[in-house]
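Visitor: The following file, model.pdb, comprises PDB, C-alpha atoms, pLDDT in the B column:
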```
MODEL        1
ATOM      1  CA  MET A   1      87.485 116.002  91.681  1.00 88.00           C
ATOM      2  CA  SER A   2      89.705 118.822  92.887  1.00 94.00           C
ATOM      3  CA  PRO A   3      93.438 118.322  93.342  1.00 93.00           C
ATOM      4  CA  GLN A   4      93.066 118.972  97.082  1.00 94.00           C
ATOM      5  CA  VAL A   5      90.438 116.249  97.430  1.00 93.00           C
ATOM      6  CA  GLU A   6      92.575 113.821  95.428  1.00 94.00           C
ATOM      7  CA  ALA A   7      95.619 114.604  97.583  1.00 94.00           C
ATOM      8  CA  GLN A   8      93.614 114.035 100.761  1.00 94.00           C
ATOM      9  CA  LEU A   9      92.259 110.718  99.468  1.00 95.00           C
ATOM     10  CA  LEU A  10      95.782 109.599  98.574  1.00 94.00           C
ATOM     11  CA  GLU A  11      97.084 110.608 101.998  1.00 96.00           C
ATOM     12  CA  ASN A  12      94.257 108.738 103.729  1.00 97.00           C
ATOM     13  CA  ARG A  13      94.882 105.655 101.603  1.00 97.00           C
ATOM     14  CA  ASN A  14      98.606 105.731 102.344  1.00 97.00           C
ATOM     15  CA  LYS A  15      97.972 106.008 106.083  1.00 97.00           C
ATOM     16  CA  SER A  16      95.487 103.144 105.929  1.00 98.00           C
ATOM     17  CA  VAL A  17      97.890 100.892 104.024  1.00 98.00           C
ATOM     18  CA  ALA A  18     100.747 101.753 106.393  1.00 97.00           C
ATOM     19  CA  LYS A  19      98.614 101.050 109.448  1.00 98.00           C
ATOM     20  CA  SER A  20      97.443  97.744 108.002  1.00 98.00           C
ATOM     21  CA  LEU A  21     100.987  96.682 107.103  1.00 98.00           C
ATOM     22  CA  TYR A  22     102.240  97.679 110.556  1.00 98.00           C
ATOM     23  CA  ARG A  23      99.525  95.658 112.273  1.00 98.00           C
ATOM     24  CA  GLN A  24     100.252  92.654 110.063  1.00 98.00           C
ATOM     25  CA  LEU A  25     103.989  92.804 110.754  1.00 98.00           C
ATOM     26  CA  ARG A  26     103.416  93.094 114.500  1.00 98.00           C
ATOM     27  CA  ALA A  27     100.957  90.178 114.384  1.00 98.00           C
ATOM     28  CA  GLU A  28     103.632  88.115 112.630  1.00 98.00           C
ATOM     29  CA  GLY A  29     106.058  88.844 115.427  1.00 98.00           C
ATOM     30  CA  TYR A  30     108.182  91.628 113.974  1.00 98.00           C
ATOM     31  CA  THR A  31     109.797  93.802 116.633  1.00 98.00           C
ATOM     32  CA  HIS A  32     109.768  97.578 116.466  1.00 98.00           C
ATOM     33  CA  GLN A  33     113.438  97.502 115.465  1.00 98.00           C
ATOM     34  CA  GLN A  34     112.763  95.022 112.650  1.00 98.00           C
ATOM     35  CA  ILE A  35     109.966  97.224 111.324  1.00 98.00           C
ATOM     36  CA  ILE A  36     112.285 100.238 111.386  1.00 98.00           C
ATOM     37  CA  GLU A  37     114.922  98.249 109.494  1.00 98.00           C
ATOM     38  CA  LEU A  38     112.331  97.133 106.931  1.00 98.00           C
ATOM     39  CA  SER A  39     111.177 100.736 106.490  1.00 97.00           C
ATOM     40  CA  SER A  40     114.759 101.822 105.928  1.00 98.00           C
ATOM     41  CA  SER A  41     115.224  99.082 103.331  1.00 98.00           C
ATOM     42  CA  LEU A  42     112.080 100.200 101.518  1.00 97.00           C
ATOM     43  CA  LEU A  43     113.336 103.784 101.424  1.00 97.00           C
ATOM     44  CA  ASP A  44     116.686 102.532 100.096  1.00 98.00           C
ATOM     45  CA  GLN A  45     114.865 100.709  97.291  1.00 98.00           C
ATOM     46  CA  VAL A  46     112.886 103.816  96.340  1.00 97.00           C
ATOM     47  CA  THR A  47     116.048 105.933  96.413  1.00 97.00           C
ATOM     48  CA  GLU A  48     117.874 103.442  94.193  1.00 97.00           C
ATOM     49  CA  ASP A  49     114.962 103.302  91.758  1.00 96.00           C
ATOM     50  CA  LEU A  50     114.792 107.094  91.549  1.00 95.00           C
ATOM     51  CA  ARG A  51     118.543 107.312  91.027  1.00 95.00           C
ATOM     52  CA  GLU A  52     118.386 104.777  88.178  1.00 92.00           C
ATOM     53  CA  HIS A  53     115.422 106.574  86.651  1.00 90.00           C
ATOM     54  CA  ASN A  54     117.220 109.940  86.794  1.00 88.00           C
ATOM     55  CA  CYS A  55     120.370 108.443  85.257  1.00 86.00           C
ATOM     56  CA  ALA A  56     118.320 106.935  82.426  1.00 84.00           C
ATOM     57  CA  GLU A  57     116.659 110.295  81.743  1.00 83.00           C
ATOM     58  CA  ALA A  58     120.023 112.070  81.676  1.00 81.00           C
ATOM     59  CA  ARG A  59     121.263 109.870  78.843  1.00 72.00           C
TER      60      ARG A  59
ENDMDL
END
```
What would you get if you wrote out this structure as structure tokens?
Guide:
Amino acid sequence: MSPQVEAQLLENRNKSVAKSLYRQLRAEGYTHQQIIELSSSLLDQVTEDLREHNCAEAR
């Protein structure tokens, strides 16, 4: 499988998962603002994990 095809499959999967999660959160009563706050928290977690990983590699 070519790298372009793999990248497209990954992008499609990510969009599908995001759409599914969004629908589930809305069905559970999350407001748009709460979903934005959750998204921000997820990005914070990824950023923290990357920072820790980079610090560990630098040692």
Visitor: If we count all atoms listed in the file and set the cut-off at 12 Å, which residues sit around segment 5-18 of chain A, ignoring sequence neighbours fewer than 5 positions away in its own chain? Please answer as a PyMOL selection string.
Guide: chain A and resi 23-25+35+39
Visitor: When you draw a straight line from atom CA of Arg51 of chain A to atom CA of Ile36 of chain A, how long is it in Å?
Guide: 22.4 Å
Visitor: Could you jot down the atom CA of Tyr22 of chain A to atom CA of Gln34 of chain A separation for me, Å, one decimal place?
Guide: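 If I compute the distance from atom CA of Tyr22 of chain A to atom CA of Gln34 of chain A, I get 11.1 Å.
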Visitor: So the first atom is atom CA of Gln33 of chain A and the second is atom CA of Leu21 of chain A; what is the distance between them in Å, to one decimal place?
Guide: 15.0 Å
